[in-house]
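Source file: input-v4.cif (mmCIF, C-alpha atoms)
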```
data_upload
#
loop_
_atom_site.group_PDB
_atom_site.id
_atom_site.type_symbol
_atom_site.label_atom_id
_atom_site.label_comp_id
_atom_site.auth_asym_id
_atom_site.auth_seq_id
_atom_site.Cartn_x
_atom_site.Cartn_y
_atom_site.Cartn_z
ATOM 1 C CA MET A 1209 0.065 73.089 -2.144
ATOM 2 C CA LEU A 1210 1.541 76.473 -3.092
ATOM 3 C CA PRO A 1211 1.762 77.787 0.509
ATOM 4 C CA ASP A 1212 3.839 74.720 1.412
ATOM 5 C CA VAL A 1213 6.127 75.326 -1.557
ATOM 6 C CA TRP A 1214 6.567 78.944 -0.464
ATOM 7 C CA SER A 1215 7.673 77.741 2.971
ATOM 8 C CA MET A 1216 10.055 75.224 1.418
ATOM 9 C CA ALA A 1217 11.609 77.942 -0.736
ATOM 10 C CA ASP A 1218 12.049 80.248 2.251
ATOM 11 C CA ARG A 1219 10.835 79.672 5.826
ATOM 12 C CA ARG A 1220 9.975 83.371 6.033
ATOM 13 C CA LEU A 1221 7.381 83.044 3.270
ATOM 14 C CA ARG A 1222 4.483 82.390 5.624
ATOM 15 C CA PRO A 1223 1.145 82.974 3.867
ATOM 16 C CA ARG A 1224 -1.520 84.981 5.626
ATOM 17 C CA PRO A 1225 -5.282 84.921 4.898
ATOM 18 C CA ARG A 1226 -5.995 87.711 2.446
ATOM 19 C CA GLY A 1227 -9.491 88.648 3.612
ATOM 20 C CA ASP A 1228 -11.347 90.911 1.188
ATOM 21 C CA SER A 1229 -9.584 91.454 -2.111
ATOM 22 C CA SER A 1230 -9.963 93.999 -4.853
ATOM 23 C CA PRO A 1231 -12.267 93.019 -7.758
ATOM 24 C CA ALA A 1232 -9.288 92.919 -10.128
ATOM 25 C CA SER A 1233 -7.631 90.145 -8.160
ATOM 26 C CA THR A 1234 -10.658 87.839 -8.133
ATOM 27 C CA HIS A 1235 -10.840 87.091 -11.860
ATOM 28 C CA GLY A 1236 -8.736 85.062 -14.250
ATOM 29 C CA PRO A 1237 -5.578 83.122 -13.363
ATOM 30 C CA VAL A 1238 -4.685 85.409 -10.455
ATOM 31 C CA GLY A 1239 -8.110 84.980 -8.884
ATOM 32 C CA ASP A 1240 -7.956 81.207 -9.346
ATOM 33 C CA LEU A 1241 -4.595 81.068 -7.636
ATOM 34 C CA LEU A 1242 -5.714 83.305 -4.763
ATOM 35 C CA ARG A 1243 -8.786 81.162 -4.173
ATOM 36 C CA GLY A 1244 -6.611 78.047 -4.225
ATOM 37 C CA VAL A 1245 -4.302 79.505 -1.584
ATOM 38 C CA ASP A 1246 -7.288 80.546 0.537
ATOM 39 C CA HIS A 1247 -8.702 77.028 0.242
ATOM 40 C CA HIS A 1248 -5.378 75.539 1.337
ATOM 41 C CA LEU A 1249 -5.202 77.791 4.405
ATOM 42 C CA TRP A 1250 -8.800 77.004 5.319
ATOM 43 C CA VAL A 1251 -8.360 73.212 5.026
ATOM 44 C CA ASP A 1252 -4.971 73.391 6.752
ATOM 45 C CA ASP A 1253 -6.583 75.039 9.767
ATOM 46 C CA TRP A 1254 -9.179 72.241 9.937
ATOM 47 C CA PHE A 1255 -6.555 69.533 9.440
ATOM 48 C CA HIS A 1256 -4.292 70.751 12.237
ATOM 49 C CA ARG A 1257 -7.171 70.531 14.714
ATOM 50 C CA HIS A 1258 -8.199 67.000 13.661
ATOM 51 C CA PRO A 1259 -7.597 64.171 16.170
ATOM 52 C CA VAL A 1260 -6.109 61.998 13.407
ATOM 53 C CA LEU A 1261 -3.191 64.420 13.207
ATOM 54 C CA ALA A 1262 -2.562 64.523 16.961
ATOM 55 C CA GLN A 1263 -2.850 60.738 17.376
ATOM 56 C CA GLY A 1264 -0.608 59.921 14.434
ATOM 57 C CA GLU A 1265 2.001 62.491 15.418
ATOM 58 C CA ARG A 1266 2.139 61.109 18.967
ATOM 59 C CA ALA A 1267 2.490 57.510 17.755
ATOM 60 C CA LEU A 1268 5.303 58.379 15.350
ATOM 61 C CA ALA A 1269 7.115 60.420 18.009
ATOM 62 C CA ASP A 1270 6.900 57.422 20.362
ATOM 63 C CA ASP A 1271 8.445 55.202 17.671
ATOM 64 C CA LEU A 1272 11.208 57.678 16.862
ATOM 65 C CA HIS A 1273 12.228 58.415 20.433
ATOM 66 C CA PRO A 1274 14.036 55.081 21.068
ATOM 67 C CA VAL A 1275 16.166 55.608 17.932
ATOM 68 C CA GLY A 1276 18.192 58.006 20.053
ATOM 69 C CA VAL A 1277 18.844 60.681 17.437
ATOM 70 C CA ARG A 1278 18.745 64.134 18.970
ATOM 71 C CA HIS A 1279 15.670 66.195 18.064
ATOM 72 C CA LEU A 1280 14.289 63.431 15.805
ATOM 73 C CA PRO A 1281 10.922 63.080 17.626
ATOM 74 C CA LEU A 1282 10.369 66.809 17.053
ATOM 75 C CA PHE A 1283 9.938 65.972 13.372
ATOM 76 C CA ALA A 1284 7.026 63.597 14.039
ATOM 77 C CA HIS A 1285 4.505 66.284 13.058
ATOM 78 C CA ILE A 1286 5.820 66.779 9.539
ATOM 79 C CA GLY A 1287 6.679 63.071 9.360
ATOM 80 C CA TRP A 1288 3.073 62.054 9.992
ATOM 81 C CA GLU A 1289 1.855 64.569 7.397
ATOM 82 C CA LEU A 1290 4.260 63.000 4.900
ATOM 83 C CA CYS A 1291 2.890 59.552 5.753
ATOM 84 C CA LEU A 1292 -0.681 60.668 5.150
ATOM 85 C CA ASP A 1293 0.349 62.104 1.786
ATOM 86 C CA GLY A 1294 2.134 58.868 0.958
ATOM 87 C CA ALA A 1295 -0.839 56.732 1.956
ATOM 88 C CA LEU A 1296 -3.106 58.786 -0.307
ATOM 89 C CA LEU A 1297 -0.710 58.435 -3.246
ATOM 90 C CA LEU A 1298 -0.478 54.689 -2.707
ATOM 91 C CA ARG A 1299 -4.248 54.373 -2.501
ATOM 92 C CA ASP A 1300 -4.969 56.392 -5.643
ATOM 93 C CA GLY A 1301 -1.819 55.587 -7.627
ATOM 94 C CA LEU A 1302 0.955 58.106 -8.308
ATOM 95 C CA GLU A 1303 0.010 58.636 -11.950
ATOM 96 C CA THR A 1304 -3.524 59.607 -10.929
ATOM 97 C CA HIS A 1305 -2.075 62.701 -9.296
ATOM 98 C CA LEU A 1306 1.129 63.310 -11.222
ATOM 99 C CA GLU A 1307 -0.233 64.482 -14.580
ATOM 100 C CA PRO A 1308 -2.802 66.924 -13.088
ATOM 101 C CA LEU A 1309 -0.064 68.115 -10.748
ATOM 102 C CA ARG A 1310 2.303 68.774 -13.652
ATOM 103 C CA HIS A 1311 -0.415 70.684 -15.490
ATOM 104 C CA ALA A 1312 -1.129 72.846 -12.444
ATOM 105 C CA LEU A 1313 2.567 73.469 -11.833
ATOM 106 C CA ALA A 1314 3.060 74.542 -15.459
ATOM 107 C CA GLU A 1315 0.331 77.172 -15.050
ATOM 108 C CA THR A 1316 1.720 78.536 -11.774
ATOM 109 C CA ARG A 1317 4.167 80.970 -13.300
ATOM 110 C CA GLY A 1318 4.810 84.600 -14.080
ATOM 111 C CA ALA A 1319 2.390 87.348 -13.146
ATOM 112 C CA SER A 1320 -0.098 85.042 -11.415
ATOM 113 C CA LEU A 1321 2.537 83.625 -9.086
ATOM 114 C CA ASP A 1322 4.024 87.064 -8.387
ATOM 115 C CA ALA A 1323 0.578 88.511 -7.603
ATOM 116 C CA ALA A 1324 -0.382 85.638 -5.296
ATOM 117 C CA LEU A 1325 2.931 85.871 -3.473
ATOM 118 C CA ALA A 1326 2.632 89.627 -3.037
ATOM 119 C CA HIS A 1327 -0.961 89.308 -1.835
ATOM 120 C CA HIS A 1328 -0.408 86.579 0.733
ATOM 121 C CA VAL A 1329 3.138 87.172 1.959
ATOM 122 C CA GLU A 1330 4.272 90.371 3.607
ATOM 123 C CA SER A 1331 7.448 91.814 2.041
ATOM 124 C CA PRO A 1332 8.640 88.741 0.092
ATOM 125 C CA ARG A 1333 12.282 88.718 -0.967
ATOM 126 C CA ARG A 1334 13.031 89.972 -4.456
ATOM 127 C CA ASP A 1335 14.150 86.524 -5.612
ATOM 128 C CA ALA A 1336 11.239 84.674 -3.938
ATOM 129 C CA SER A 1337 9.386 83.868 -7.168
ATOM 130 C CA THR A 1338 12.544 82.499 -8.785
ATOM 131 C CA ARG A 1339 13.189 80.187 -5.868
ATOM 132 C CA VAL A 1340 9.558 79.006 -5.865
ATOM 133 C CA VAL A 1341 9.634 78.258 -9.606
ATOM 134 C CA GLU A 1342 12.832 76.234 -9.175
ATOM 135 C CA LEU A 1343 11.058 74.078 -6.597
ATOM 136 C CA LEU A 1344 7.952 73.718 -8.775
ATOM 137 C CA ASP A 1345 10.136 72.495 -11.642
ATOM 138 C CA ARG A 1346 11.831 69.931 -9.394
ATOM 139 C CA ILE A 1347 8.457 68.637 -8.168
ATOM 140 C CA ALA A 1348 7.131 68.367 -11.738
ATOM 141 C CA GLU A 1349 10.040 66.126 -12.749
ATOM 142 C CA GLY A 1350 8.407 63.253 -10.829
ATOM 143 C CA PRO A 1351 10.997 61.666 -8.476
ATOM 144 C CA TRP A 1352 10.040 64.014 -5.639
ATOM 145 C CA PRO A 1353 6.345 62.936 -5.525
ATOM 146 C CA ALA A 1354 7.367 59.320 -6.167
ATOM 147 C CA GLY A 1355 9.425 59.479 -2.971
ATOM 148 C CA TYR A 1356 6.184 59.430 -0.982
ATOM 149 C CA ALA A 1357 5.370 55.889 -2.128
ATOM 150 C CA ASP A 1358 7.376 53.932 0.485
ATOM 151 C CA ALA A 1359 8.970 54.354 3.891
ATOM 152 C CA ASP A 1360 12.506 54.787 2.559
ATOM 153 C CA GLY A 1361 11.353 57.564 0.236
ATOM 154 C CA LEU A 1362 9.450 59.260 3.055
ATOM 155 C CA VAL A 1363 12.563 59.280 5.206
ATOM 156 C CA GLY A 1364 14.348 60.873 2.260
ATOM 157 C CA ARG A 1365 11.711 63.606 2.174
ATOM 158 C CA LEU A 1366 12.134 64.060 5.923
ATOM 159 C CA GLU A 1367 15.879 64.411 5.450
ATOM 160 C CA GLY A 1368 15.196 67.243 3.016
ATOM 161 C CA VAL A 1369 13.157 69.020 5.680
ATOM 162 C CA ARG A 1370 15.922 68.500 8.228
ATOM 163 C CA ARG A 1371 18.532 69.932 5.856
ATOM 164 C CA ARG A 1372 16.443 73.039 5.256
ATOM 165 C CA VAL A 1373 16.333 73.790 8.983
ATOM 166 C CA GLY A 1374 20.042 73.103 9.493
ATOM 167 C CA VAL A 1375 19.858 69.738 11.263
ATOM 168 C CA ASP A 1376 22.604 67.167 10.718
ATOM 169 C CA PRO A 1377 21.797 64.158 8.482
ATOM 170 C CA LEU A 1378 20.639 60.962 10.107
ATOM 171 C CA PRO A 1379 23.528 58.701 11.129
ATOM 172 C CA ALA A 1380 23.694 55.745 8.734
ATOM 173 C CA ILE A 1381 23.355 53.316 11.620
ATOM 174 C CA ALA A 1382 20.049 54.891 12.673
ATOM 175 C CA ARG A 1383 18.406 55.061 9.254
ATOM 176 C CA PRO A 1384 17.027 51.460 9.168
ATOM 177 C CA ARG A 1385 15.212 52.050 12.471
ATOM 178 C CA VAL A 1386 13.784 55.336 11.211
ATOM 179 C CA VAL A 1387 12.631 53.637 7.999
ATOM 180 C CA ALA A 1388 10.960 50.900 10.085
ATOM 181 C CA ALA A 1389 9.161 53.563 12.150
ATOM 182 C CA PHE A 1390 7.931 55.223 8.974
ATOM 183 C CA ALA A 1391 6.798 51.899 7.513
ATOM 184 C CA ALA A 1392 4.609 51.360 10.571
ATOM 185 C CA ALA A 1393 3.364 54.951 10.389
ATOM 186 C CA LEU A 1394 2.525 54.535 6.689
ATOM 187 C CA GLU A 1395 0.319 51.552 7.555
ATOM 188 C CA ARG A 1396 -1.393 53.584 10.295
ATOM 189 C CA ALA A 1397 -1.867 56.439 7.836
ATOM 190 C CA ASP A 1398 -3.611 54.113 5.384
ATOM 191 C CA ARG A 1399 -6.002 53.028 8.146
ATOM 192 C CA ALA A 1400 -6.579 56.655 9.197
ATOM 193 C CA LEU A 1401 -7.393 57.995 5.734
ATOM 194 C CA PRO A 1402 -11.076 56.946 5.648
ATOM 195 C CA GLU A 1403 -11.863 58.880 8.834
ATOM 196 C CA LEU A 1404 -9.918 61.905 7.654
ATOM 197 C CA LEU A 1405 -11.519 61.977 4.215
ATOM 198 C CA ALA A 1406 -15.025 61.325 5.544
ATOM 199 C CA THR A 1407 -14.857 64.351 7.841
ATOM 200 C CA ARG A 1408 -13.064 66.823 5.552
ATOM 201 C CA PRO A 1409 -14.851 70.137 5.111
ATOM 202 C CA ARG A 1410 -16.478 71.041 1.825
ATOM 203 C CA PRO A 1411 -15.802 74.453 0.219
#
```

Starting from the coordinates I provided, produce the structure as structure tokens.
Amino acid sequence: MLPDVWSMADRRLRPRPRGDSSPASTHGPVGDLLRGVDHHLWVDDWFHRHPVLAQGERALADDLHPVGVRHLPLFAHIGWELCLDGALLLRDGLETHLEPLRHALAETRGASLDAALAHHVESPRRDASTRVVELLDRIAEGPWPAGYADADGLVGRLEGVRRRVGVDPLPAIARPRVVAAFAAALERADRALPELLATRPRP
């Protein structure tokens, strides 16, 4: 998930595949982190070409369009990804993922994080690592992941995305309709998970 956290910390922190690396960067915590980022980029490429993504995005956009909020259907892509994450958490149980997540977040610090950021992101800002660690700490607290467990929480996560790109908050009158659209999408995501998981690539 680290590449996504980089993008949340700063939209300019777009990770690039690292290709061949020096022997020193393939061992220990740095190597583990680099391989994790590579795995994320590899799976992400597969995921964004999967028909489950295109179908779910289109269905959510169709549900959001009648709400009448400007630009809202443009967020159907990230919205559907959030729904798939939420469906997986609901299926497995939040606690199944939360403790391993906290452990991983606690280890993603210091020199390992700095090295991975420098290796995958061209010319990161000087304060990039600090901003990433702040986000990791917020995620580890628990309420953020727990927000994926229902439609209202998912809309809250979507609102965070909208704020980061400078879009106005949802009008209060529109929120119930957006929550209803996400509730329907969350049910579709639960039905779509078996196909997605059955076809996922193996490292």

(message) I need the residue nearest Ala1388 of chain A from this list: A:Pro1211, A:Gly1264, A:Gly1361, A:Pro1259. Use all atoms listed in the file for the distance.
(response) A:Gly1361

(request) For the structure shown, which residues end up in the PyMOL selection byres ((chain A and resi 1277) around 10)? Put them as a list in words, please? (result)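 In the shown coordinates, the PyMOL selection byres ((chain A and resi 1277) around 10) covers Leu1272, His1273, Pro1274, Val1275, Gly1276, Arg1278, His1279, Leu1280, Pro1281, Leu1378, Pro1379, Ala1382, Arg1383 and Val1386 of chain A.
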
(request) Report as JSON, numbers by chain the residues that result from applying the PyMOL selection byres ((chain A and resi 1336) around 10) to the structure here. (result) {"A": [1214, 1217, 1218, 1221, 1322, 1325, 1326, 1332, 1333, 1334, 1335, 1337, 1338, 1339, 1340, 1341]}

(request) To one decimal in Å, tell me the separation between atom CA of Trp1288 of chain A and atom CA of Ala1393 of chain A. (result)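 These atoms are spaced 7.1 Å apart.
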
(message) Taking only C-alpha atoms into account, name the residue in A:Arg1399, A:Glu1265, A:Pro1409, A:Val1363 that is nearest to Asp1252 of chain A.
(response) A:Pro1409

(message) As an exercise, work out the distance from atom CA of Ala1359 of chain A to atom CA of Val1245 of chain A in Å and give it to one decimal place.
(response) 29.0 Å

(message) Quick check on the file I pasted: which residues fall under the PyMOL selection byres ((chain A and resi 1324) around 12)? Write them as an MDAnalysis selection string.
(response) chainID A and resid 1210:1211 1214 1221 1223:1226 1229 1233:1234 1237:1246 1316:1323 1325:1330 1332 1336:1337 1340

Store the residues picked out above in a file with C-alpha atoms, as a compact mmCIF listing (two decimals), in the coordinates of the input.
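Final output, again_7.txt:
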```txt
# COMPACT_ATOMS: atom_id res chain seq x y z
CA LEU A 1210 1.54 76.47 -3.09
CA PRO A 1211 1.76 77.79 0.51
CA TRP A 1214 6.57 78.94 -0.46
CA LEU A 1221 7.38 83.04 3.27
CA PRO A 1223 1.14 82.97 3.87
CA ARG A 1224 -1.52 84.98 5.63
CA PRO A 1225 -5.28 84.92 4.90
CA ARG A 1226 -6.00 87.71 2.45
CA SER A 1229 -9.58 91.45 -2.11
CA SER A 1233 -7.63 90.14 -8.16
CA THR A 1234 -10.66 87.84 -8.13
CA PRO A 1237 -5.58 83.12 -13.36
CA VAL A 1238 -4.68 85.41 -10.46
CA GLY A 1239 -8.11 84.98 -8.88
CA ASP A 1240 -7.96 81.21 -9.35
CA LEU A 1241 -4.60 81.07 -7.64
CA LEU A 1242 -5.71 83.30 -4.76
CA ARG A 1243 -8.79 81.16 -4.17
CA GLY A 1244 -6.61 78.05 -4.22
CA VAL A 1245 -4.30 79.50 -1.58
CA ASP A 1246 -7.29 80.55 0.54
CA THR A 1316 1.72 78.54 -11.77
CA ARG A 1317 4.17 80.97 -13.30
CA GLY A 1318 4.81 84.60 -14.08
CA ALA A 1319 2.39 87.35 -13.15
CA SER A 1320 -0.10 85.04 -11.42
CA LEU A 1321 2.54 83.62 -9.09
CA ASP A 1322 4.02 87.06 -8.39
CA ALA A 1323 0.58 88.51 -7.60
CA LEU A 1325 2.93 85.87 -3.47
CA ALA A 1326 2.63 89.63 -3.04
CA HIS A 1327 -0.96 89.31 -1.84
CA HIS A 1328 -0.41 86.58 0.73
CA VAL A 1329 3.14 87.17 1.96
CA GLU A 1330 4.27 90.37 3.61
CA PRO A 1332 8.64 88.74 0.09
CA ALA A 1336 11.24 84.67 -3.94
CA SER A 1337 9.39 83.87 -7.17
CA VAL A 1340 9.56 79.01 -5.86
```

(request) Using all atoms listed in the file, find the one residue out of A:Val1373, A:Leu1306, A:Arg1410, A:Leu1401 that sits nearest to Ser1215 of chain A. (result)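 Going through A:Val1373, A:Leu1306, A:Arg1410, A:Leu1401 one by one, the smallest distance to Ser1215 of chain A is for A:Val1373.
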
(request) State, in Å with one decimal place, the distance from atom CA of Leu1366 of chain A to atom CA of Leu1405 of chain A. (result)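 Rounded to one decimal, the two atoms are 23.8 Å apart.
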
(message) Ranking A:Arg1385, A:His1305, A:His1285, A:His1311 by minimum distance to Ala1262 of chain A and counting all atoms listed in the file, which one comes first?
(response)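 Ranking A:Arg1385, A:His1305, A:His1285, A:His1311 by distance to Ala1262 of chain A, first place goes to A:His1285.
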
(message) Counting only C-alpha atoms, which residue out of A:Val1251, A:Leu1292, A:Ala1267, A:Gly1287 sits closest to Pro1402 of chain A?
(response) A:Leu1292

(message) Quick one: residues within 10 Å of Leu1297 of chain A, all atoms listed in the file, excluding same-chain residues fewer than 6 positions away - as a list in words?
(response)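 In the requested format, the answer is Cys1291, Glu1303, Thr1304, His1305, Leu1306, Pro1353, Ala1354, Tyr1356, Ala1357 and Asp1358 of chain A.
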
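Excluding Asp1360 of chain A itself and any same-chain residue fewer than 3 positions from it, the protein and nucleic acid residues within 8 Å of it, counting all atoms listed in the file, are Gly1355, Val1363, Gly1364, Val1387 and Phe1390 of chain A.
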
To test the calculation: enclose all listed atoms of segment 1366-1383 of chain A in a box whose edges run along x, y and z, add 8 Å on each side, then state centre and edge lengths in Å to one decimal, as AutoDock Vina command-line options.
```
--center_x 17.9 --center_y 63.6 --center_z 7.8 --size_x 27.6 --size_y 36.5 --size_z 25.7
```

(message) Could you check the closest approach to Leu1404 of chain A for each of A:Ala1392, A:Ala1269, A:His1258, A:Val1375 and tell me which residue wins, using all atoms listed in the file?
(response)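 The shortest atom-to-atom distance to Leu1404 of chain A comes from A:His1258.
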